[in-house]
file structure_26.txt (compact mmCIF, C-alpha atoms)
# COMPACT_ATOMS: atom_id res chain seq x y z
CA MET A 53 52.27 89.38 103.00
CA LYS A 54 53.25 92.90 101.99
CA ALA A 55 54.83 93.42 105.40
CA LEU A 56 56.93 90.27 104.94
CA VAL A 57 58.16 91.51 101.56
CA ILE A 58 59.12 94.86 103.10
CA LEU A 59 60.94 93.14 105.97
CA ALA A 60 62.79 90.89 103.52
CA ALA A 61 63.84 93.91 101.46
CA ILE A 62 65.06 95.69 104.58
CA ALA A 63 67.00 92.60 105.67
CA THR A 64 68.58 92.27 102.20
CA ALA A 65 69.61 95.93 102.19
CA ALA A 66 71.03 95.62 105.71
CA HIS A 67 73.01 92.52 104.70
CA ALA A 68 74.40 94.36 101.65
CA ASP A 69 75.45 97.28 103.86
CA ASP A 70 77.10 94.91 106.34
CA LYS A 71 78.96 93.15 103.55
CA ALA A 72 80.19 96.44 102.08
CA THR A 73 81.37 97.59 105.51
CA ALA A 74 83.10 94.28 106.20
CA GLU A 75 84.82 94.39 102.83
CA LYS A 76 85.99 97.96 103.46
CA TYR A 77 87.59 97.01 106.79
CA PHE A 78 88.97 93.79 105.33
CA ARG A 79 90.67 95.63 102.46
CA ALA A 80 92.22 98.03 104.93
CA GLY A 81 93.38 95.11 107.08
CA ALA A 82 94.91 93.35 104.09
CA GLN A 83 96.81 96.48 103.05
CA ALA A 84 97.99 97.11 106.62
CA TYR A 85 99.15 93.48 106.76
CA SER A 86 101.09 94.00 103.51
CA ALA A 87 102.71 97.08 105.04
CA GLN A 88 103.75 94.98 108.08
CA ASN A 89 101.50 97.07 110.34
CA PHE A 90 100.00 94.10 112.18
CA GLU A 91 98.41 96.16 114.94
CA ALA A 92 96.36 98.11 112.40
CA ALA A 93 95.61 94.90 110.48
CA ALA A 94 94.32 93.16 113.62
CA ALA A 95 92.07 96.11 114.50
CA ASP A 96 90.69 96.33 110.95
CA PHE A 97 90.04 92.57 110.74
CA ASP A 98 88.30 92.71 114.14
CA GLU A 99 85.99 95.44 112.83
CA ALA A 100 85.30 93.38 109.70
CA TYR A 101 84.56 90.28 111.80
CA LYS A 102 82.30 92.29 114.10
CA THR A 103 80.22 93.25 111.05
CA MET A 104 80.27 89.83 109.34
CA PRO A 105 81.56 86.93 111.50
CA LEU A 106 82.93 84.84 108.63
CA PRO A 107 85.58 82.18 109.22
CA GLU A 108 87.82 83.70 106.52
CA ILE A 109 87.92 86.97 108.43
CA ALA A 110 88.54 85.15 111.71
CA PHE A 111 91.55 83.37 110.18
CA SER A 112 92.95 86.64 108.79
CA ALA A 113 92.56 88.37 112.15
CA ALA A 114 94.28 85.42 113.86
CA GLN A 115 97.18 85.73 111.43
CA ALA A 116 97.55 89.42 112.28
CA TYR A 117 97.47 88.76 116.03
CA ARG A 118 100.02 85.95 115.67
CA ARG A 119 102.42 88.21 113.76
CA LEU A 120 101.77 91.06 116.17
CA TYR A 121 102.60 88.79 119.13
CA ARG A 122 106.00 88.05 117.58
CA ILE A 123 106.75 91.78 117.54
CA GLU A 124 105.11 92.75 120.82
CA PRO A 125 104.56 89.64 123.02
CA LYS A 126 101.50 90.74 124.95
CA PRO A 127 99.41 87.91 126.44
CA GLU A 128 96.15 89.30 125.04
CA TYR A 129 97.49 88.94 121.49
CA VAL A 130 98.26 85.25 121.80
CA GLN A 131 94.89 84.67 123.54
CA ARG A 132 93.04 86.42 120.74
CA ALA A 133 94.96 84.48 118.08
CA VAL A 134 94.02 81.15 119.73
CA GLN A 135 90.35 82.15 119.97
CA LEU A 136 90.20 83.13 116.29
CA TYR A 137 92.05 80.06 114.99
CA ARG A 138 89.62 77.87 116.95
CA ILE A 139 86.64 79.73 115.47
CA TYR A 140 88.01 79.08 112.00
CA LEU A 141 88.69 75.39 112.58
CA ASP A 142 85.27 74.89 114.18
CA GLN A 143 83.63 76.11 110.95
CA VAL A 144 86.06 74.97 108.24
CA LYS A 145 86.90 71.26 108.35
CA THR A 146 88.50 70.78 104.94
CA GLY A 147 90.06 72.96 102.28
CA GLY A 148 90.80 76.63 102.79
CA ARG A 149 93.74 77.17 105.13
CA VAL A 150 92.91 74.36 107.56
CA GLY A 151 96.47 73.05 107.67
CA ASP A 152 97.98 76.47 108.32
CA ALA A 153 95.35 77.24 110.95
CA ALA A 154 96.02 73.96 112.78
CA ASP A 155 99.80 74.52 112.75
CA SER A 156 99.48 78.13 113.92
CA LEU A 157 96.94 77.17 116.60
CA GLY A 158 99.39 74.58 117.95
CA GLU A 159 102.15 77.21 118.00
CA MET A 160 100.00 79.79 119.79
CA GLN A 161 98.62 77.17 122.22
CA ARG A 162 102.16 76.24 123.25
CA GLU A 163 102.78 79.92 123.98
CA LEU A 164 99.64 80.01 126.14
CA ASP A 165 100.80 76.90 128.03
CA ARG A 166 104.21 78.45 128.54
CA LEU A 167 102.60 81.61 129.91
CA LYS A 168 100.21 79.48 131.99
CA LEU A 169 97.22 81.32 130.47
CA SER A 170 93.89 80.14 129.21
CA ALA A 171 92.19 81.20 126.02
CA GLU A 172 89.11 82.44 127.82
CA PRO A 173 87.43 85.27 125.88
CA ALA A 174 88.60 88.65 127.04
CA ALA A 175 86.16 91.16 128.45
CA PRO A 176 84.44 93.18 125.72
CA ALA A 177 86.47 96.25 124.82
CA PRO A 178 84.86 99.58 125.63
CA GLU A 179 83.39 101.51 122.73
CA HIS A 180 85.90 103.83 121.13
CA THR A 181 85.55 106.97 119.06
CA ARG A 182 88.03 106.19 116.31
CA LEU A 183 88.97 107.31 112.81
CA GLY A 184 91.22 105.68 110.25
CA VAL A 185 92.09 106.11 106.61
CA SER A 186 92.17 103.28 104.07
CA VAL A 187 94.06 104.09 100.91
CA THR A 188 93.62 102.62 97.46
CA ILE A 189 95.17 103.77 94.23
CA ARG A 190 93.28 104.18 91.01
CA ASP A 191 95.62 102.24 88.74
CA GLN A 192 95.95 99.26 91.09
CA HIS A 193 92.74 97.26 91.30
CA VAL A 194 91.66 95.88 94.66
CA ALA A 195 89.00 93.20 94.52
CA ALA A 196 85.78 94.30 96.20
CA SER A 197 84.94 90.83 97.44
CA ALA A 198 88.37 89.66 98.65
CA LEU A 199 87.07 88.12 101.89
CA ARG A 200 89.60 85.29 101.82
CA GLU A 201 92.03 83.88 104.31
CA ILE A 202 95.04 86.17 104.23
CA GLY A 203 98.50 84.73 103.68
CA ASP A 204 101.88 85.83 105.01
CA ALA A 205 102.79 87.54 101.72
CA THR A 206 99.66 89.29 100.54
CA GLY A 207 99.66 92.27 98.18
CA ALA A 208 102.20 95.06 97.96
CA ALA A 209 102.67 98.24 99.94
CA ILE A 210 102.08 101.62 98.29
CA PRO A 211 105.49 103.34 97.85
CA GLY A 212 105.92 106.50 99.90
CA LEU A 213 102.48 106.30 101.48
CA ALA A 214 102.04 108.72 104.39
CA ALA A 215 99.02 110.15 106.19
CA THR A 216 98.34 112.86 108.74
CA LEU A 217 95.38 113.51 111.01
CA ASP A 218 94.98 117.15 111.98
CA GLY A 219 98.56 117.70 110.86
CA LYS A 220 100.05 114.87 112.94
CA PRO A 221 101.51 111.76 111.25
CA ILE A 222 99.44 108.59 111.61
CA GLU A 223 99.73 105.04 110.32
CA PRO A 224 97.55 104.48 107.25
CA PHE A 225 94.85 101.82 107.81
CA ALA A 226 95.12 102.15 111.60
CA LEU A 227 92.12 103.17 113.75
CA ILE A 228 93.06 106.13 115.95
CA ASP A 229 91.22 107.28 119.09
CA VAL A 230 89.94 110.82 118.52
CA ASP A 231 87.56 113.38 119.99
CA ALA A 232 84.04 113.56 118.61
CA LYS A 233 84.51 116.56 116.33
CA GLU A 234 85.63 117.44 112.81
CA HIS A 235 89.06 116.20 111.79
CA VAL A 236 91.22 116.60 108.69
CA PHE A 237 93.01 113.75 106.93
CA GLU A 238 95.79 114.34 104.41
CA VAL A 239 97.24 111.47 102.37
CA HIS A 240 100.38 111.46 100.20
CA ALA A 241 102.13 108.78 98.12
CA ASP A 242 104.96 108.87 95.62
CA GLY A 243 103.64 109.75 92.17
CA TYR A 244 100.05 110.46 93.26
CA VAL A 245 97.99 113.60 93.78
CA PRO A 246 97.66 114.40 97.52
CA VAL A 247 94.16 114.12 99.00
CA ILE A 248 92.65 116.14 101.84
CA LYS A 249 89.41 115.01 103.53
CA ARG A 250 87.36 116.45 106.37
CA VAL A 251 85.51 113.96 108.58
CA VAL A 252 83.30 114.34 111.65
CA ALA A 253 84.01 111.66 114.28
CA ILE A 254 80.89 110.24 115.97
CA THR A 255 80.97 109.32 119.66
CA GLY A 256 81.36 105.59 120.25
CA GLN A 257 81.86 104.71 116.58
CA SER A 258 84.80 103.60 114.49
CA GLN A 259 84.95 105.08 111.01
CA LEU A 260 87.32 103.98 108.29
CA ILE A 261 87.53 106.61 105.56
CA GLU A 262 88.41 105.28 102.12
CA VAL A 263 90.65 107.47 99.98
CA GLU A 264 91.46 106.74 96.35
CA LEU A 265 94.68 108.31 95.13
CA GLN A 266 94.80 109.54 91.55
CA PRO A 267 98.13 109.04 89.73
CA LYS A 268 99.96 112.18 88.70
CA LEU A 269 100.25 112.62 84.96
CA ALA A 270 103.66 112.75 83.34
CA THR A 271 104.59 115.76 81.19
CA ILE A 272 106.39 115.28 77.88
CA THR A 273 108.16 118.01 75.93
CA VAL A 274 109.23 117.21 72.36
CA THR A 275 111.84 119.38 70.65
CA THR A 276 111.56 118.97 66.89
CA GLU A 277 111.17 120.87 63.61
CA PRO A 278 108.58 123.69 63.33
CA GLY A 279 105.32 122.43 61.89
CA ALA A 280 105.97 118.77 62.74
CA SER A 281 102.95 116.75 63.84
CA ILE A 282 103.46 115.02 67.21
CA GLN A 283 101.32 111.99 67.99
CA LEU A 284 101.11 109.84 71.11
CA ASP A 285 99.69 106.35 70.65
CA GLY A 286 98.31 107.45 67.29
CA ARG A 287 96.52 110.52 68.70
CA PRO A 288 97.67 114.03 67.66
CA VAL A 289 98.81 115.92 70.77
CA ALA A 290 100.89 118.85 69.55
CA THR A 291 102.60 120.61 66.66
CA GLY A 292 106.29 121.45 66.88
CA PRO A 293 107.71 123.45 68.46
CA ALA A 294 105.33 122.31 71.21
CA GLU A 295 104.43 123.12 74.77
CA PRO A 296 104.59 120.19 77.24
CA PHE A 297 101.65 117.80 77.06
CA GLU A 298 100.41 115.29 79.63
CA ALA A 299 100.39 111.50 79.50
CA SER A 300 99.48 108.72 81.89
CA ALA A 301 102.22 106.61 83.41
CA GLY A 302 103.29 103.56 81.43
CA LYS A 303 104.36 102.76 77.87
CA HIS A 304 103.50 105.05 74.96
CA LEU A 305 104.47 105.20 71.30
CA LEU A 306 105.57 108.68 70.27
CA THR A 307 105.68 109.50 66.55
CA VAL A 308 106.74 112.72 64.84
CA THR A 309 105.94 113.41 61.18
CA LEU A 310 106.59 116.32 58.84
CA ARG A 311 106.10 116.61 55.09
CA GLY A 312 109.34 115.93 53.31
CA HIS A 313 110.97 114.24 56.31
CA GLU A 314 111.36 110.67 57.45
CA PRO A 315 108.91 109.86 60.29
CA ALA A 316 110.54 109.35 63.68
CA GLY A 317 109.28 107.17 66.50
CA ARG A 318 110.17 106.00 69.96
CA GLU A 319 108.56 103.86 72.63
CA LEU A 320 108.55 105.82 75.88
CA VAL A 321 108.16 104.47 79.40
CA VAL A 322 107.11 107.29 81.70
CA ALA A 323 106.60 107.29 85.44
CA ARG A 324 103.87 109.05 87.40
CA GLY A 325 104.64 112.77 87.68
CA GLN A 326 107.78 112.53 85.52
CA ALA A 327 108.87 115.52 83.40
CA LEU A 328 110.43 114.11 80.24
CA VAL A 329 112.15 116.02 77.42
CA VAL A 330 112.52 114.18 74.10
CA SER A 331 114.67 115.45 71.24
CA ALA A 332 113.30 114.43 67.84
CA PRO A 333 115.37 115.88 64.96
CA LEU A 334 113.91 114.93 61.60
CA VAL A 335 115.87 113.91 58.49
CA ALA A 336 114.77 114.98 55.02
CA THR A 337 113.53 112.20 52.78
CA SER A 338 115.49 111.13 49.71
CA ARG A 339 112.79 112.81 47.61
CA ARG A 340 113.16 116.08 49.46
CA ARG A 341 116.94 115.90 49.11
CA VAL A 342 116.52 115.53 45.32
CA VAL A 343 114.32 118.66 45.06
CA PRO A 344 117.19 121.23 45.22
CA TRP A 345 119.04 119.32 42.53
CA LEU A 346 115.97 119.28 40.30
CA ILE A 347 115.41 122.97 40.86
CA GLY A 348 119.07 123.64 40.06
CA THR A 349 118.81 121.52 36.94
CA ALA A 350 115.66 123.33 35.86
CA GLY A 351 117.46 126.64 36.35
CA VAL A 352 120.40 125.53 34.22
CA LEU A 353 118.01 124.36 31.51
CA VAL A 354 116.17 127.69 31.57
CA VAL A 355 119.45 129.55 31.20
CA GLY A 356 120.39 127.24 28.33
CA ALA A 357 117.02 127.88 26.68
CA ALA A 358 117.53 131.61 27.02
CA ILE A 359 120.98 131.39 25.40
CA THR A 360 119.71 129.28 22.50
CA THR A 361 116.84 131.73 22.05
CA LEU A 362 119.27 134.66 21.79
CA VAL A 363 121.46 132.75 19.32
CA ALA A 364 118.41 131.81 17.23
CA ILE A 365 117.34 135.45 17.12
CA ASP A 366 120.85 136.48 16.06
CA ARG A 367 120.87 133.86 13.29
CA ASP A 368 117.43 134.98 12.16
CA ASP A 369 118.60 138.62 11.99
CA GLU A 370 121.63 137.61 9.89
CA ALA A 371 119.47 135.56 7.56
CA SER A 372 117.04 138.47 7.15
CA ASP A 373 119.86 140.87 6.26
CA LEU A 374 121.21 138.47 3.61
CA ARG A 375 117.74 137.90 2.15
CA ALA A 376 117.29 141.64 1.76
CA LYS A 377 120.66 141.97 0.02
CA ILE A 378 119.98 139.03 -2.29
CA ALA A 379 116.58 140.52 -3.18
CA GLY A 380 118.38 143.76 -4.27
CA GLY A 381 120.29 141.71 -6.86
CA ASN A 382 123.90 141.62 -8.04
CA ARG A 383 125.07 139.40 -5.08
CA PRO A 384 127.63 136.61 -5.16
CA THR A 385 126.59 132.97 -4.94
CA SER A 386 128.27 132.71 -1.53
CA ASP A 387 125.58 134.99 -0.02
CA ALA A 388 122.90 132.44 -0.91
CA ASP A 389 124.95 129.66 0.67
CA GLN A 390 125.45 131.77 3.83
CA TYR A 391 121.75 132.56 3.93
CA ASP A 392 120.89 128.84 3.88
CA ALA A 393 123.43 128.17 6.63
CA ASP A 394 121.99 130.95 8.85
CA VAL A 395 118.44 129.60 8.41
CA ARG A 396 119.54 126.07 9.30
CA SER A 397 121.42 127.35 12.36
CA ARG A 398 118.43 129.44 13.43
CA ASP A 399 116.11 126.43 13.17
CA HIS A 400 118.59 124.29 15.10
CA PHE A 401 118.75 126.74 17.99
CA VAL A 402 114.93 127.12 17.99
CA ASP A 403 114.60 123.34 18.34
CA ALA A 404 117.18 123.41 21.13
CA THR A 405 115.21 126.17 22.89
CA TRP A 406 112.03 124.10 22.79
CA ALA A 407 113.84 121.00 24.05
CA LEU A 408 115.59 122.84 26.87
CA GLY A 409 112.36 124.63 27.86
CA ALA A 410 110.43 121.37 27.95
CA ALA A 411 113.14 119.72 30.03
CA ALA A 412 113.17 122.69 32.44
CA ALA A 413 109.37 122.46 32.76
CA VAL A 414 109.55 118.73 33.48
CA ALA A 415 112.30 119.20 36.08
CA GLY A 416 110.38 122.05 37.75
CA ALA A 417 107.10 120.12 37.79
CA THR A 418 108.86 117.05 39.21
CA ALA A 419 110.47 119.16 41.94
CA ALA A 420 107.10 120.72 42.81
CA ALA A 421 105.41 117.32 42.92
CA LEU A 422 108.15 115.84 45.10
CA TYR A 423 107.97 118.85 47.42
CA TYR A 424 104.20 119.09 47.85
CA PHE A 425 103.31 115.41 47.80
CA ASP A 426 106.17 114.08 49.91
CA GLU A 427 104.20 113.13 53.03
CA PRO A 428 105.66 109.91 54.52
CA SER A 429 103.31 107.98 56.80
CA ALA A 430 104.24 106.70 60.26
CA GLU A 431 102.25 103.51 59.65
CA HIS A 432 105.36 101.63 58.54
CA LEU A 433 107.19 102.21 61.82
CA ARG A 434 107.91 98.86 63.45
CA VAL A 435 108.76 98.41 67.13
CA THR A 436 111.35 95.70 67.67
CA PRO A 437 112.80 94.52 71.01
CA ILE A 438 116.42 95.26 71.76
CA ALA A 439 118.69 94.41 74.67
CA THR A 440 122.09 95.61 75.82
CA PRO A 441 124.30 94.44 78.71
CA ASN A 442 123.00 97.29 80.87
CA SER A 443 119.44 97.80 79.73
CA ALA A 444 116.58 96.44 77.69
CA GLY A 445 113.86 98.12 75.70
CA VAL A 446 112.70 98.63 72.15
CA SER A 447 113.82 100.42 69.05
CA VAL A 448 111.59 101.83 66.36
CA VAL A 449 112.23 101.87 62.63
CA GLY A 450 112.70 105.57 62.06
CA ARG A 451 115.26 107.95 63.50
CA PHE A 452 115.71 110.12 66.58
call {"tool": "encode", "arguments": {"input": "structure_26.txt", "output": "structure tokens"}}
result
Amino acid sequence: MKALVILAAIATAAHADDKATAEKYFRAGAQAYSAQNFEAAAADFDEAYKTMPLPEIAFSAAQAYRRLYRIEPKPEYVQRAVQLYRIYLDQVKTGGRVGDAADSLGEMQRELDRLKLSAEPAAPAPEHTRLGVSVTIRDQHVAASALREIGDATGAAIPGLAATLDGKPIEPFALIDVDAKEHVFEVHADGYVPVIKRVVAITGQSQLIEVELQPKLATITVTTEPGASIQLDGRPVATGPAEPFEASAGKHLLTVTLRGHEPAGRELVVARGQALVVSAPLVATSRRRVVPWLIGTAGVLVVGAAITTLVAIDRDDEASDLRAKIAGGNRPTSDADQYDADVRSRDHFVDATWALGAAAAVAGATAAALYYFDEPSAEHLRVTPIATPNSAGVSVVGRF
């Protein structure tokens, strides 16, 4: 009983390995098909079918051979397409791509009849020592279990994709005959970090090496006021004036804030590897623009208070002199009247000094409060769609 359990576990693990291998070759075939490299697609689908003889893989391989025959009309391609379409139709009676398979089989069979050939299975191909590279990109998901009948317009090619083997250009996804030794792959694509891999080829085996390309980060430089806080998608990234910072490709919301200035914002769309420079001048808030006026007003009031203080002191000195003279006796009545007038004037200017001083203190305190507590938030920024005859995008409430 224990032996049966062990055998079942081994069989399950082997099946999982076969499925993973078939999926790897199938993904490569699908991407080669998208890139219009039907020779590589046919070879990859054949390897997938060899590992897991599923009708979906047979149909996909037949599609690749049919398209390849249209480019390079070799008899073995049309024979292989007929064999694979028949395998599919023998196993799938309804649903799937039965209609397409039947139509394509009829087309390929007519070609065989025209060439006066049969669809007898070809002799088994000799074992090859082959290497190939299958490329995926990190920000473009490829389904791991996409073992489905492939269509004529499947997926999208990777822009600028190129590969070399030992320094010589090769077709990505294609299996290349090599010597049984160590080889070096190098893969490039527009906007992605190049990858270099070393692989040892094994005699009589085909190996498809999977490479995942990592997107290059964009760099953003923001020119703005010293001390300004720069945020990307709500996360602080720099303080102005700032060194360039990195960001992933796609849309981002850039905000710049500084105490006493209106917050500025912009929605950016950056490409992989792009170097972007953004100018973000900031405008003082209405509160901050009032501060110099308040300070000036406070200064004028202080000067006024100083003048009234000097006048009050002068009036007090005059009143003191008259009081001393009156106390000595033998003074005219007019001196008493003048004394009363000087005292009233002194008191008036003292009151004015207190009023002007209080007003200056209020103006100064208000200016200080407006200066130190004027910290506008970027939370009120609103992104709204805009469109022009030549472009479309968004604007943000704020100013750049």
call {"tool": "atom_distance", "arguments": {"input": "structure_26.txt", "atom1": "CA of Asn382 (chain A)", "atom2": "CA of Val363 (chain A)"}}
result
28.9 Å
call {"tool": "atom_distance", "arguments": {"input": "structure_26.txt", "atom1": "CA of Asp392 (chain A)", "atom2": "CA of Ala379 (chain A)"}}
result
14.3 Å
call {"tool": "closest_residue", "arguments": {"input": "structure_26.txt", "among": "A:Ala357, A:Val342, A:Leu157, A:Val252", "to": "Asp403 (chain A)", "atoms": "all atoms listed in the file"}}
result
A:Ala357
call {"tool": "closest_residue", "arguments": {"input": "structure_26.txt", "among": "A:His235, A:Arg138, A:Arg311, A:Arg287", "to": "Ile248 (chain A)", "atoms": "all atoms listed in the file"}}
result
A:His235
call {"tool": "closest_residue", "arguments": {"input": "structure_26.txt", "among": "A:Thr309, A:Ala72, A:Ser386, A:Val335", "to": "Pro288 (chain A)", "atoms": "only C-alpha atoms"}}
result
A:Thr309
call {"tool": "closest_residue", "arguments": {"input": "structure_26.txt", "among": "A:Val130, A:Ala415, A:Ala92, A:Ala87", "to": "Arg166 (chain A)", "atoms": "all atoms listed in the file"}}
result
A:Val130
call {"tool": "axis_aligned_box", "arguments": {"input": "structure_26.txt", "around": "region 276-279 of chain A", "padding_each_side": "3 Å", "output": "AutoDock Vina command-line options"}}
result
--center_x 108.4 --center_y 121.3 --center_z 64.4 --size_x 12.2 --size_y 10.7 --size_z 11.0
call {"tool": "atom_distance", "arguments": {"input": "structure_26.txt", "atom1": "CA of Gly286 (chain A)", "atom2": "CA of Tyr424 (chain A)"}}
result
23.4 Å
call {"tool": "residues_near_point", "arguments": {"input": "structure_26.txt", "point": "(100.5, 111.9, 90.4)", "cutoff": "8 Å", "atoms": "only C-alpha atoms", "output": "list in words"}}
result
Asp242, Gly243, Tyr244, Val245, Gln266, Pro267, Lys268, Leu269, Ala270, Arg324 and Gly325 of chain A
call {"tool": "write_last_selection", "arguments": {"input": "structure_26.txt", "atoms": "C-alpha atoms", "output": "PDB file, keeping the file's coordinate frame"}}
result
ATOM      1  CA  ASP A 242     104.960 108.870  95.620  1.00  0.00           C
ATOM      2  CA  GLY A 243     103.640 109.750  92.170  1.00  0.00           C
ATOM      3  CA  TYR A 244     100.050 110.460  93.260  1.00  0.00           C
ATOM      4  CA  VAL A 245      97.990 113.600  93.780  1.00  0.00           C
ATOM      5  CA  GLN A 266      94.800 109.540  91.550  1.00  0.00           C
ATOM      6  CA  PRO A 267      98.130 109.040  89.730  1.00  0.00           C
ATOM      7  CA  LYS A 268      99.960 112.180  88.700  1.00  0.00           C
ATOM      8  CA  LEU A 269     100.250 112.620  84.960  1.00  0.00           C
ATOM      9  CA  ALA A 270     103.660 112.750  83.340  1.00  0.00           C
ATOM     10  CA  ARG A 324     103.870 109.050  87.400  1.00  0.00           C
ATOM     11  CA  GLY A 325     104.640 112.770  87.680  1.00  0.00           C
TER      12      GLY A 325
END
call {"tool": "closest_residue", "arguments": {"input": "structure_26.txt", "among": "A:Gln135, A:Ser281, A:Thr103, A:Thr188", "to": "Ala84 (chain A)", "atoms": "all atoms listed in the file"}}
result
A:Thr188
call {"tool": "closest_residue", "arguments": {"input": "structure_26.txt", "among": "A:Met160, A:Ala113, A:Val321, A:Ala336", "to": "Phe78 (chain A)", "atoms": "only C-alpha atoms"}}
result
A:Ala113
call {"tool": "residues_around", "arguments": {"input": "structure_26.txt", "residues": "Ala323 (chain A)", "least_positions_apart": "3", "cutoff": "7 Å", "atoms": "all atoms listed in the file", "output": "list in words"}}
result
Ala270, Ala301, Gly302 and Gln326 of chain A
call {"tool": "residues_around", "arguments": {"input": "structure_26.txt", "residues": "region 360-362 of chain A", "least_positions_apart": "2", "cutoff": "10 Å", "atoms": "all atoms listed in the file", "output": "PDB file with C-alpha atoms, in the frame of the given file"}}
result
ATOM      1  CA  VAL A 354     116.170 127.690  31.570  1.00  0.00           C
ATOM      2  CA  VAL A 355     119.450 129.550  31.200  1.00  0.00           C
ATOM      3  CA  GLY A 356     120.390 127.240  28.330  1.00  0.00           C
ATOM      4  CA  ALA A 357     117.020 127.880  26.680  1.00  0.00           C
ATOM      5  CA  ALA A 358     117.530 131.610  27.020  1.00  0.00           C
ATOM      6  CA  ALA A 364     118.410 131.810  17.230  1.00  0.00           C
ATOM      7  CA  ILE A 365     117.340 135.450  17.120  1.00  0.00           C
ATOM      8  CA  ASP A 366     120.850 136.480  16.060  1.00  0.00           C
ATOM      9  CA  ARG A 367     120.870 133.860  13.290  1.00  0.00           C
ATOM     10  CA  ASP A 368     117.430 134.980  12.160  1.00  0.00           C
ATOM     11  CA  ARG A 398     118.430 129.440  13.430  1.00  0.00           C
ATOM     12  CA  HIS A 400     118.590 124.290  15.100  1.00  0.00           C
ATOM     13  CA  PHE A 401     118.750 126.740  17.990  1.00  0.00           C
ATOM     14  CA  VAL A 402     114.930 127.120  17.990  1.00  0.00           C
ATOM     15  CA  ASP A 403     114.600 123.340  18.340  1.00  0.00           C
ATOM     16  CA  ALA A 404     117.180 123.410  21.130  1.00  0.00           C
ATOM     17  CA  THR A 405     115.210 126.170  22.890  1.00  0.00           C
ATOM     18  CA  TRP A 406     112.030 124.100  22.790  1.00  0.00           C
ATOM     19  CA  LEU A 408     115.590 122.840  26.870  1.00  0.00           C
TER      20      LEU A 408
END
call {"tool": "residues_around", "arguments": {"input": "structure_26.txt", "residues": "Ile378 (chain A)", "least_positions_apart": "4", "cutoff": "12 Å", "atoms": "only C-alpha atoms", "output": "list in words"}}
result
Ala371, Ser372, Asp373, Leu374, Asn382, Arg383, Pro384, Thr385, Ser386, Asp387, Ala388, Asp389, Gln390, Tyr391 and Asp392 of chain A
call {"tool": "residues_around", "arguments": {"input": "structure_26.txt", "residues": "Ala294 (chain A)", "least_positions_apart": "2", "cutoff": "10 Å", "atoms": "all atoms listed in the file", "output": "PyMOL selection string"}}
result
chain A and resi 272-282+289-292+296-297
